[in-house]
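Engineer: Input: one structure, supplied below.
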Amino acid sequence: MPDITEADKPLRLADAIYRDILDNDYLKELYDKILRCYTIRRFGKGQDIPTETEKIDALRFADILSKSVFSDDSEIHKSLAQEIVTILDFLFPNDEDVSFYAGSVLTNTANFRGRDILSPDYKGSSLFERLYSELMKEYLEVPGDEEKHFFRSQKQVYDHFNDQSFSYSGPTSMGKSFVMQTFIRNQVMADKGSNFAILVPTKALINEVTSELTKALKGFFTEKDYRIVTSAGAVVLKDYHHFIFIMTPERMAYLLTLYSNMPLDYIFIDEAHKISSKDSRSAFYYSVVEKLSARQTKPKFIFASPNIPNPEIYLQLIPDSVEVEKNKLSTNYTPVSQMKILVDINRGEVKYYDSIRRCLTYAAKLDPNEGFYDLIRKLGEGSKNLIYCHSKARVTEYAQRLADMMPPLNDPDLDALSDEIKDVVYDDYYLAKTIKKGIAYHMGYLPAALRLRVEELFRQEKKIHTIVCTSTLLEGVNLPADNLFVTHYMNGRNELDEVSFKNLLGRVGRIQYNLYGNVYLMTLEKDADSQKYVEMLQKAVPEQELSVSRALTKHQKKKIVESLIQGNMELDKTSTQNQNEYSLMRKIAVMLLRSILNNKDSRIRKEFGDYLTEEAVSKIKTAFDGKEQSLEDLNVTLDQSERLYLAIKEGLRYPKVNAYGYVSNIELMGFLEKLGEIFNWEKYERSLIGNKDDNGEHPVLKRHAVSLSKWFKGMSIQEMIKDSIDYKKTSGQKVYMPDHSREDYRDCPEHNNQIAADVLSEINDVILFSFSNYFMAFSSAYKDFIGQEAFGNDWYEYVEYGSVNPLTIMLQRNGFSREAATYITDNRNKYVKDTLDGQRLRRSLLDCEKTTVQREAQLIEISMPELYLKSQE
């Protein structure tokens, strides 16, 4: 019997209906009409609405689209159906026809959360529909919370979490993190006794995820004996508990080095598309997966990404991964819609984006008297707004200008946060002023406790209503809003790529309150090209590649192998590489060598397969025989590691830091210069060491050394900023402005805020990143040399915790931020008691007057109850 081809199969009615439905001219006409009416209404340019016939016909189309099942575009059909009823609900409020059809559409798409908003009383027109609705609600019920329901895609994902490996992607509004947290919570409740890890791309996200998971697991930490761990230095790792690790890939890699036998049952890799980035940090994902894959009992690997079409690509990191097609899910369905509107201020025009015709259409003229800030006020009034900027300078400028146009809200929570910002950062810091007007800004270098408090107050109604931000919003920070104002299509000096752009747009829409949000794409600068936005809207997210595949050319791979054959790890930077790509190349070389010496068939090794002949592998093993242990730290290449071990063997030690955090400036600078030689900062870290001056010294490194000394002493950020301002006043040094110009210091808010920003950036980028990484390498090598797990005068600890005070360090190792730990230490007589079991916190801390400390204390009391006294003493 001959095989039946696709062409021979009988045509189903559904195929006939849905195959070309998006090409239907009448549907296009109706969709265009409702989009135009919506846009005009938003801008106050008229009250035009579809006719009664057009309304009913559009609703019927929506109902048909919502029933799409077999078509490859069924998810697009369902999303379009939701968008149509959502817009019509806006244009025809309290309309019975719209409410009925909305109920039907949202039942068909299984968006029961949305149905509760638009049509809470919907019952269905027939017994079959009502029965289907109840069965679907029962099927999608969130385990452990019968009042909540998954979306279909969430349910599909949840059911795959017990696969050995699984990778999925979906729109930002899909709620990927919610599914993860629900699964972990139910596993904990079921007494599975599993250990979990969640990898997040930035330290900023550690705090957010920790906060959310702590609230979700409230009541179970003691009962089920779980602890959340966010760093390898956590005190609880010394005791027996079940653990939930929430870490960046760098921290997780370090933890796996220190605790190589720590049991781990599930690892969730959030924002997994970072594995495709040519950023050097992507290498740590490979390292973590490689270490865990080598275990006898492997954890279950779950990768979660936004918007990408081929999430299965990340399963390639796992050796011998099978059934890749079964272990992946890519969904386009979104429970909320984004209305995309171009606001071309240069031309004075408003256009709306039609996703069926995939083009912009003219809607109205802008009022010539309305500028950017007027539009933000008008369009964002009474809503939650995000304003994306491509530079930090624009962030503070826009936040200030908007705040100047608005009255204070006289809200006690905002006033309290303003006071705390002054205490933590600086009296005259712009954020302390704008926050009183309900306007905040959000950048990576803000102290974690303040940033988290800003996020919390933004989520609350009638508190912070507008956040101006940089690309930190793209890192997975969960700040859904009603309106997103995109002020440029750039991210720094580069254009937003397709994944980042879609991820950004997905921040709009809050399913708790409505089914849509507005994306206003704005052209503000004279050279801004509105056509760029059109191109970005039209482009589909391309299939992703692993960074190891796209970061290196064939020539570079060949050169790496040739260098390894010669026993050389000092790779040279090519003219086409930026510093980040160069750093990634060096880390890839370390992982390649580690795989070869340990006889592991890693993903990195496969990438070099064309150049790794048996002869080449044999020569590399001979050249690096016995050096496996020197390759554990990805931040350090073998040439650096060998010089480091030799220096330690010859007597190099950290200079002594006394009990007050003081270390001789001469000794400090001498030690840093020695590290610079060992790690070859002249070649690998030009931004850290800087150029030599006429006296042969490194002024940039000297400046960083001064800041490091202050950090050791436990100086607060505010003290460090004031110190820097005073230095500018007395030294005559110029202030470096965002446009790269230099100005003579003036005692004005503009200069003082710029100095504050410089100090915050230096703490974040130099002290807590660069110095931290190199001190970690030194401390690890020294521990190995002396054969001990710990030693006194450990500068890595002093940098990580910003203090030499044992109590301040202990509090941070138990989850407190540096700012909160310092506050408690300064008030130890009030909040700390010495007991036979060690230092414990008094319960009065839970009601302390400092809001951010109080909030941290309450969360840690949930997740670390043993740290507190049991009674009010």
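Residues are referred to by chain and number: the chain letter is A, B, ... according to the order shown in the structure tokens, the number counts from 1 in that chain, and ligands are numbered separately from 1 in the order shown.
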Enumerate as an MDAnalysis selection string all residues of stretch 235-479 of chain A assigned to strand (DSSP E) by DSSP on the backbone, naming them with the chain letters and numbers the document uses.
Structural biologist: chainID A and resid 242:247 266:269 300:306 328:330 337:344 349:354 359:365 385:388 439:442 466:469
Engineer: Got time to write the residues from that selection, C-alpha atoms, as a CSV table (one decimal), in the first residue's frame?
Structural biologist:
```csv
chain,number,residue,atom,x,y,z
A,242,HIS,CA,17.4,21.0,52.4
A,243,PHE,CA,18.4,23.9,50.2
A,244,ILE,CA,17.1,26.2,47.5
A,245,PHE,CA,20.1,27.9,45.8
A,246,ILE,CA,19.3,31.2,44.1
A,247,MET,CA,22.5,32.3,42.4
A,266,TYR,CA,16.7,20.2,40.0
A,267,ILE,CA,18.4,23.2,38.4
A,268,PHE,CA,16.3,25.9,36.8
A,269,ILE,CA,18.2,28.1,34.4
A,300,LYS,CA,17.1,17.6,36.2
A,301,PHE,CA,17.9,20.5,34.0
A,302,ILE,CA,15.2,23.0,33.1
A,303,PHE,CA,16.0,26.0,30.8
A,304,ALA,CA,13.6,28.9,30.5
A,305,SER,CA,14.0,31.6,27.8
A,306,PRO,CA,11.9,34.5,26.5
A,328,LYS,CA,11.2,21.3,24.4
A,329,LEU,CA,8.3,23.7,24.1
A,330,SER,CA,8.1,27.0,22.3
A,337,SER,CA,-1.8,42.1,24.5
A,338,GLN,CA,0.5,44.9,23.7
A,339,MET,CA,-0.8,47.8,21.6
A,340,LYS,CA,2.2,49.2,19.7
A,341,ILE,CA,2.0,52.9,18.9
A,342,LEU,CA,4.6,55.1,17.2
A,343,VAL,CA,4.9,58.6,18.6
A,344,ASP,CA,7.0,60.4,16.1
A,349,GLU,CA,2.6,62.1,14.0
A,350,VAL,CA,1.0,59.2,15.8
A,351,LYS,CA,0.8,55.8,14.0
A,352,TYR,CA,-0.4,52.4,15.2
A,353,TYR,CA,1.2,49.0,14.3
A,354,ASP,CA,-1.1,46.6,12.6
A,359,CYS,CA,2.9,47.9,9.1
A,360,LEU,CA,2.4,51.3,10.7
A,361,THR,CA,-0.7,53.3,9.8
A,362,TYR,CA,-1.2,57.0,10.4
A,363,ALA,CA,-3.7,57.9,13.1
A,364,ALA,CA,-3.4,61.5,14.1
A,365,LYS,CA,-1.3,64.6,14.4
A,385,ASN,CA,4.5,53.4,33.6
A,386,LEU,CA,8.0,52.3,32.5
A,387,ILE,CA,10.3,54.6,30.5
A,388,TYR,CA,13.1,52.8,28.8
A,439,ILE,CA,8.8,58.7,40.1
A,440,ALA,CA,11.8,56.4,40.5
A,441,TYR,CA,14.7,55.3,38.4
A,442,HIS,CA,16.2,51.8,38.2
A,466,THR,CA,6.6,55.7,37.0
A,467,ILE,CA,10.1,54.1,36.7
A,468,VAL,CA,12.7,55.3,34.3
A,469,CYS,CA,15.2,52.6,33.6
```
Engineer: Do a neighbour search on A:Glu797 at 9 Å with only C-alpha atoms, toss out local chain neighbours closer than 6 positions, and write the hits as a list in words.
Structural biologist: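 Using only C-alpha atoms, the neighbours found are Gly233, Ser772, Phe775, Met776, Ser803, Val804 and Ile809 of chain A.
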Engineer: Taking into account only C-alpha atoms, which residue in the set A:Ser871, A:Ser761, A:Gln538, A:Ser126 is nearest to A:Met443?
Structural biologist: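 Nearest to A:Met443: A:Ser761.
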Engineer: I'd like to know which residues of stretch 223-424 of chain A are helix (DSSP H, G or I) (by DSSP, run on the backbone); could you write them as an NGL selection string?
Structural biologist: :A and (235-238 or 249-258 or 272-276 or 280-293 or 311-317 or 372-380 or 392-404 or 412-424)
Engineer: Taking 6 positions as the minimum chain separation for residues in the same chain, which residues sit within 9 Å of A:Val209 when counting only C-alpha atoms? Answer as a ChimeraX atom specification.
Structural biologist: /A:177,198,200,246
Engineer: May I have the residues from that selection written out with N, CA and C atoms, as a PDB file, in the first residue's frame?
Structural biologist:
```pdb
ATOM      1  N   SER A 177       8.448  32.360  35.621  1.00  0.00           N
ATOM      2  CA  SER A 177       8.924  32.272  37.008  1.00  0.00           C
ATOM      3  C   SER A 177       7.837  31.739  37.936  1.00  0.00           C
ATOM      4  N   ILE A 198      18.135  27.788  41.326  1.00  0.00           N
ATOM      5  CA  ILE A 198      17.626  28.682  40.284  1.00  0.00           C
ATOM      6  C   ILE A 198      18.777  29.601  39.894  1.00  0.00           C
ATOM      7  N   VAL A 200      20.029  32.815  37.928  1.00  0.00           N
ATOM      8  CA  VAL A 200      19.545  34.083  37.365  1.00  0.00           C
ATOM      9  C   VAL A 200      20.750  34.855  36.837  1.00  0.00           C
ATOM     10  N   ILE A 246      19.709  30.170  45.059  1.00  0.00           N
ATOM     11  CA  ILE A 246      19.336  31.214  44.092  1.00  0.00           C
ATOM     12  C   ILE A 246      20.604  32.017  43.828  1.00  0.00           C
TER      13      ILE A 246
END
```
Engineer: Which of these residues is nearest to A:Leu708, using only C-alpha atoms: A:Asn491, A:Asn752, A:Ser770, A:Thr553?
Structural biologist: A:Ser770
Engineer: Quick one, how far is atom CA of A:Glu498 from atom CA of A:Val541?
Structural biologist: 5.3 Å
Engineer: Need to verify the contact set: stretch 505-515 of chain A, 6 Å, only C-alpha atoms, exclusion of same-chain residues closer than 4 positions in sequence. Can you return it as number ranges by chain?
Structural biologist: A: 172-173, 336, 480-482
Engineer: Go ahead and dump the residues you just picked, C-alpha atoms, as a short mmCIF file (atom, residue, chain, number, x, y, z; two decimals), in the first residue's frame.
Structural biologist:
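Heads up, here's the output in out-v8.cif:
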```
data_model
loop_
_atom_site.label_atom_id
_atom_site.label_comp_id
_atom_site.auth_asym_id
_atom_site.auth_seq_id
_atom_site.Cartn_x
_atom_site.Cartn_y
_atom_site.Cartn_z
CA THR A 172 7.65 37.59 28.79
CA SER A 173 4.05 37.74 30.05
CA VAL A 336 -2.04 39.96 27.63
CA PRO A 480 4.89 44.62 34.48
CA ALA A 481 3.25 47.94 33.68
CA ASP A 482 0.28 49.49 31.90
#
```
Engineer: If you count only C-alpha atoms, which residues fall within 9 Å of A:Leu414, apart from same-chain ones fewer than 3 positions away, as an MDAnalysis selection string?
Structural biologist: chainID A and resid 409:411 417:419 435:438 457 463:464
Engineer: Using only C-alpha atoms, which residues sit within 12 Å of A:Lys55 once same-chain residues fewer than 2 positions away are excluded, as a short mmCIF file (atom, residue, chain, number, x, y, z; two decimals) with all heavy atoms, in the first residue's frame?
Structural biologist:
```cif
data_model
loop_
_atom_site.label_atom_id
_atom_site.label_comp_id
_atom_site.auth_asym_id
_atom_site.auth_seq_id
_atom_site.Cartn_x
_atom_site.Cartn_y
_atom_site.Cartn_z
N LEU A 27 -11.62 40.87 7.74
CA LEU A 27 -10.98 40.84 9.06
C LEU A 27 -9.92 41.93 9.16
O LEU A 27 -9.83 42.65 10.17
CB LEU A 27 -10.35 39.46 9.32
CG LEU A 27 -9.49 39.34 10.58
CD1 LEU A 27 -10.29 39.65 11.83
CD2 LEU A 27 -8.85 37.95 10.68
N GLU A 29 -9.80 44.71 7.56
CA GLU A 29 -10.48 46.02 7.61
C GLU A 29 -11.02 46.30 9.01
O GLU A 29 -10.87 47.40 9.54
CB GLU A 29 -11.62 46.01 6.59
CG GLU A 29 -12.40 47.30 6.51
CD GLU A 29 -13.58 47.19 5.54
OE1 GLU A 29 -13.45 46.50 4.50
OE2 GLU A 29 -14.63 47.77 5.85
N LEU A 30 -11.65 45.30 9.60
CA LEU A 30 -12.20 45.47 10.95
C LEU A 30 -11.10 45.71 11.98
O LEU A 30 -11.21 46.58 12.86
CB LEU A 30 -13.01 44.23 11.35
CG LEU A 30 -14.33 43.99 10.62
CD1 LEU A 30 -14.90 42.63 10.97
CD2 LEU A 30 -15.33 45.09 10.96
N TYR A 31 -10.04 44.91 11.90
CA TYR A 31 -8.93 45.03 12.84
C TYR A 31 -8.28 46.41 12.74
O TYR A 31 -8.00 47.06 13.76
CB TYR A 31 -7.91 43.93 12.56
CG TYR A 31 -6.74 43.88 13.53
CD1 TYR A 31 -6.94 43.69 14.89
CD2 TYR A 31 -5.44 44.01 13.06
CE1 TYR A 31 -5.86 43.62 15.76
CE2 TYR A 31 -4.35 43.95 13.92
CZ TYR A 31 -4.57 43.76 15.27
OH TYR A 31 -3.50 43.70 16.14
N LYS A 33 -9.71 49.10 11.75
CA LYS A 33 -10.66 50.10 12.25
C LYS A 33 -10.61 50.19 13.78
O LYS A 33 -10.55 51.29 14.35
CB LYS A 33 -12.07 49.72 11.79
CG LYS A 33 -13.19 50.64 12.31
CD LYS A 33 -13.19 51.99 11.62
CE LYS A 33 -14.36 52.86 12.04
NZ LYS A 33 -15.64 52.45 11.42
N ILE A 34 -10.61 49.05 14.45
CA ILE A 34 -10.63 49.11 15.91
C ILE A 34 -9.28 49.61 16.46
O ILE A 34 -9.24 50.29 17.49
CB ILE A 34 -11.04 47.77 16.55
CG1 ILE A 34 -10.04 46.67 16.24
CG2 ILE A 34 -12.43 47.38 16.13
CD1 ILE A 34 -10.36 45.34 16.94
N CYS A 37 -9.41 53.44 16.02
CA CYS A 37 -10.30 54.04 17.02
C CYS A 37 -9.66 54.04 18.41
O CYS A 37 -9.76 55.00 19.17
CB CYS A 37 -11.63 53.28 17.07
SG CYS A 37 -12.64 53.47 15.59
N ILE A 49 -15.92 55.30 16.90
CA ILE A 49 -16.00 53.89 17.27
C ILE A 49 -16.55 53.10 16.09
O ILE A 49 -17.20 53.67 15.20
CB ILE A 49 -16.89 53.66 18.51
CG1 ILE A 49 -18.32 54.20 18.26
CG2 ILE A 49 -16.29 54.27 19.76
CD1 ILE A 49 -19.30 53.85 19.36
N PRO A 50 -16.29 51.79 16.05
CA PRO A 50 -16.88 50.97 14.97
C PRO A 50 -18.41 51.01 15.03
O PRO A 50 -19.00 51.24 16.09
CB PRO A 50 -16.36 49.56 15.28
CG PRO A 50 -15.14 49.77 16.12
CD PRO A 50 -15.41 51.00 16.92
N THR A 51 -19.04 50.79 13.90
CA THR A 51 -20.50 50.72 13.87
C THR A 51 -20.95 49.47 14.60
O THR A 51 -20.16 48.57 14.92
CB THR A 51 -21.01 50.66 12.42
OG1 THR A 51 -20.58 49.42 11.83
CG2 THR A 51 -20.49 51.84 11.60
N GLU A 52 -22.25 49.39 14.88
CA GLU A 52 -22.80 48.23 15.56
C GLU A 52 -22.53 46.95 14.76
O GLU A 52 -22.17 45.91 15.33
CB GLU A 52 -24.31 48.40 15.77
CG GLU A 52 -24.97 47.30 16.59
CD GLU A 52 -24.54 47.30 18.05
OE1 GLU A 52 -23.95 48.30 18.52
OE2 GLU A 52 -24.75 46.27 18.72
N THR A 53 -22.69 47.03 13.45
CA THR A 53 -22.43 45.86 12.60
C THR A 53 -20.97 45.47 12.66
O THR A 53 -20.62 44.28 12.78
CB THR A 53 -22.83 46.17 11.14
OG1 THR A 53 -24.22 46.48 11.10
CG2 THR A 53 -22.53 44.98 10.24
N ASP A 57 -19.49 41.91 14.01
CA ASP A 57 -18.68 41.09 13.10
C ASP A 57 -17.28 40.86 13.64
O ASP A 57 -16.72 39.75 13.52
CB ASP A 57 -18.60 41.77 11.72
CG ASP A 57 -19.93 41.71 10.97
OD1 ASP A 57 -20.82 40.96 11.41
OD2 ASP A 57 -20.07 42.42 9.96
N ALA A 58 -16.69 41.90 14.24
CA ALA A 58 -15.37 41.75 14.84
C ALA A 58 -15.41 40.74 16.00
O ALA A 58 -14.51 39.91 16.16
CB ALA A 58 -14.84 43.09 15.33
N LEU A 59 -16.48 40.79 16.79
CA LEU A 59 -16.63 39.84 17.90
C LEU A 59 -16.77 38.42 17.38
O LEU A 59 -16.22 37.47 17.97
CB LEU A 59 -17.84 40.22 18.75
CG LEU A 59 -17.70 41.49 19.61
CD1 LEU A 59 -19.04 41.89 20.22
CD2 LEU A 59 -16.66 41.29 20.72
N ARG A 60 -17.49 38.25 16.27
CA ARG A 60 -17.65 36.91 15.70
C ARG A 60 -16.32 36.37 15.17
O ARG A 60 -16.00 35.19 15.34
CB ARG A 60 -18.70 36.95 14.58
CG ARG A 60 -20.13 37.06 15.12
CD ARG A 60 -21.14 37.30 14.01
NE ARG A 60 -22.50 37.30 14.54
CZ ARG A 60 -23.55 37.81 13.89
NH1 ARG A 60 -23.38 38.37 12.68
NH2 ARG A 60 -24.75 37.77 14.42
N PHE A 61 -15.56 37.25 14.53
CA PHE A 61 -14.23 36.85 14.08
C PHE A 61 -13.38 36.41 15.29
O PHE A 61 -12.66 35.41 15.23
CB PHE A 61 -13.53 37.99 13.35
CG PHE A 61 -13.66 37.95 11.85
CD1 PHE A 61 -14.29 38.97 11.16
CD2 PHE A 61 -13.13 36.88 11.14
CE1 PHE A 61 -14.41 38.92 9.78
CE2 PHE A 61 -13.24 36.83 9.75
CZ PHE A 61 -13.88 37.85 9.07
N ALA A 62 -13.45 37.20 16.36
CA ALA A 62 -12.67 36.88 17.56
C ALA A 62 -13.06 35.52 18.11
O ALA A 62 -12.20 34.70 18.51
CB ALA A 62 -12.87 37.96 18.62
N ILE A 84 -8.69 41.56 20.12
CA ILE A 84 -9.89 42.18 19.55
C ILE A 84 -10.93 42.45 20.63
O ILE A 84 -11.47 43.55 20.73
CB ILE A 84 -10.47 41.29 18.43
CG1 ILE A 84 -9.55 41.31 17.21
CG2 ILE A 84 -11.88 41.77 18.03
CD1 ILE A 84 -9.93 40.31 16.12
N VAL A 85 -11.22 41.44 21.48
CA VAL A 85 -12.25 41.66 22.51
C VAL A 85 -11.77 42.64 23.57
O VAL A 85 -12.57 43.39 24.14
CB VAL A 85 -12.70 40.33 23.17
CG1 VAL A 85 -13.38 39.44 22.15
CG2 VAL A 85 -11.54 39.61 23.85
N ILE A 87 -9.77 45.31 23.03
CA ILE A 87 -9.92 46.67 22.49
C ILE A 87 -11.39 47.07 22.45
O ILE A 87 -11.76 48.21 22.80
CB ILE A 87 -9.30 46.78 21.08
CG1 ILE A 87 -7.81 46.49 21.13
CG2 ILE A 87 -9.53 48.17 20.51
CD1 ILE A 87 -7.13 46.46 19.77
N LEU A 88 -12.25 46.14 22.04
CA LEU A 88 -13.67 46.46 21.97
C LEU A 88 -14.25 46.73 23.36
O LEU A 88 -15.15 47.56 23.52
CB LEU A 88 -14.43 45.33 21.29
CG LEU A 88 -14.17 45.20 19.77
CD1 LEU A 88 -14.84 43.95 19.22
CD2 LEU A 88 -14.64 46.44 19.03
N ASP A 89 -13.73 46.05 24.37
CA ASP A 89 -14.17 46.33 25.74
C ASP A 89 -13.78 47.75 26.14
O ASP A 89 -14.53 48.43 26.87
CB ASP A 89 -13.55 45.32 26.70
CG ASP A 89 -13.95 45.56 28.14
OD1 ASP A 89 -15.11 45.28 28.47
OD2 ASP A 89 -13.10 46.05 28.92
N LEU A 91 -13.43 50.27 23.95
CA LEU A 91 -14.23 51.19 23.13
C LEU A 91 -15.71 51.16 23.50
O LEU A 91 -16.42 52.16 23.34
CB LEU A 91 -14.06 50.84 21.65
CG LEU A 91 -12.66 51.03 21.05
CD1 LEU A 91 -12.62 50.48 19.63
CD2 LEU A 91 -12.25 52.50 21.06
N PHE A 92 -16.18 50.00 23.98
CA PHE A 92 -17.59 49.85 24.35
C PHE A 92 -17.70 49.35 25.79
O PHE A 92 -18.05 48.19 26.04
CB PHE A 92 -18.28 48.84 23.42
CG PHE A 92 -18.31 49.24 21.96
CD1 PHE A 92 -17.30 48.81 21.11
CD2 PHE A 92 -19.33 50.03 21.46
CE1 PHE A 92 -17.33 49.15 19.77
CE2 PHE A 92 -19.36 50.39 20.12
CZ PHE A 92 -18.35 49.96 19.26
N ASP A 95 -20.68 46.93 27.67
CA ASP A 95 -21.51 46.46 26.58
C ASP A 95 -21.78 44.96 26.76
O ASP A 95 -20.85 44.17 26.90
CB ASP A 95 -20.81 46.73 25.24
CG ASP A 95 -21.66 46.38 24.05
OD1 ASP A 95 -21.81 45.16 23.78
OD2 ASP A 95 -22.17 47.29 23.38
N GLU A 96 -23.07 44.56 26.73
CA GLU A 96 -23.43 43.17 26.99
C GLU A 96 -22.88 42.22 25.92
O GLU A 96 -22.44 41.11 26.22
CB GLU A 96 -24.95 43.04 27.07
CG GLU A 96 -25.54 43.67 28.33
CD GLU A 96 -27.04 43.43 28.44
OE1 GLU A 96 -27.59 42.70 27.58
OE2 GLU A 96 -27.64 43.94 29.39
N ASP A 97 -22.94 42.65 24.66
CA ASP A 97 -22.43 41.80 23.58
C ASP A 97 -20.92 41.57 23.74
O ASP A 97 -20.44 40.44 23.60
CB ASP A 97 -22.70 42.44 22.21
CG ASP A 97 -24.18 42.43 21.86
OD1 ASP A 97 -24.87 41.49 22.27
OD2 ASP A 97 -24.64 43.39 21.20
N VAL A 98 -20.19 42.65 24.01
CA VAL A 98 -18.74 42.53 24.17
C VAL A 98 -18.43 41.64 25.36
O VAL A 98 -17.56 40.75 25.29
CB VAL A 98 -18.10 43.92 24.35
CG1 VAL A 98 -16.61 43.78 24.68
CG2 VAL A 98 -18.27 44.77 23.10
N TYR A 101 -19.15 37.88 24.40
CA TYR A 101 -18.14 37.32 23.49
C TYR A 101 -16.77 37.23 24.17
O TYR A 101 -16.01 36.29 23.93
CB TYR A 101 -18.04 38.16 22.21
CG TYR A 101 -19.03 37.76 21.14
CD1 TYR A 101 -20.24 38.44 21.00
CD2 TYR A 101 -18.77 36.71 20.28
CE1 TYR A 101 -21.16 38.08 20.02
CE2 TYR A 101 -19.68 36.33 19.30
CZ TYR A 101 -20.88 37.02 19.18
OH TYR A 101 -21.78 36.65 18.21
#
```
Engineer: Tell me which protein, DNA and RNA residues are within 9 Å of A:Ser707, counting only C-alpha atoms, leaving out same-chain ones fewer than 5 positions away, and put them as a list of chain:residue names.
Structural biologist: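 Once the adjacent positions are removed, what remains is A:Lys702, A:Phe712, A:Met720, A:Val759, A:Glu762, A:Ile763, A:Ile767.
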Engineer: Could you please determine the separation between atom CA of A:Phe816 and atom CA of A:Ala857 in Å, to one decimal place?
Structural biologist: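 A separation of 7.7 Å between them.
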Engineer: Ranking A:Ile689, A:Leu375, A:Ile862, A:Val499 by minimum distance to A:Phe220 and counting only C-alpha atoms, which one comes first?
Structural biologist: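 The shortest atom-to-atom distance to A:Phe220 comes from A:Ile862.
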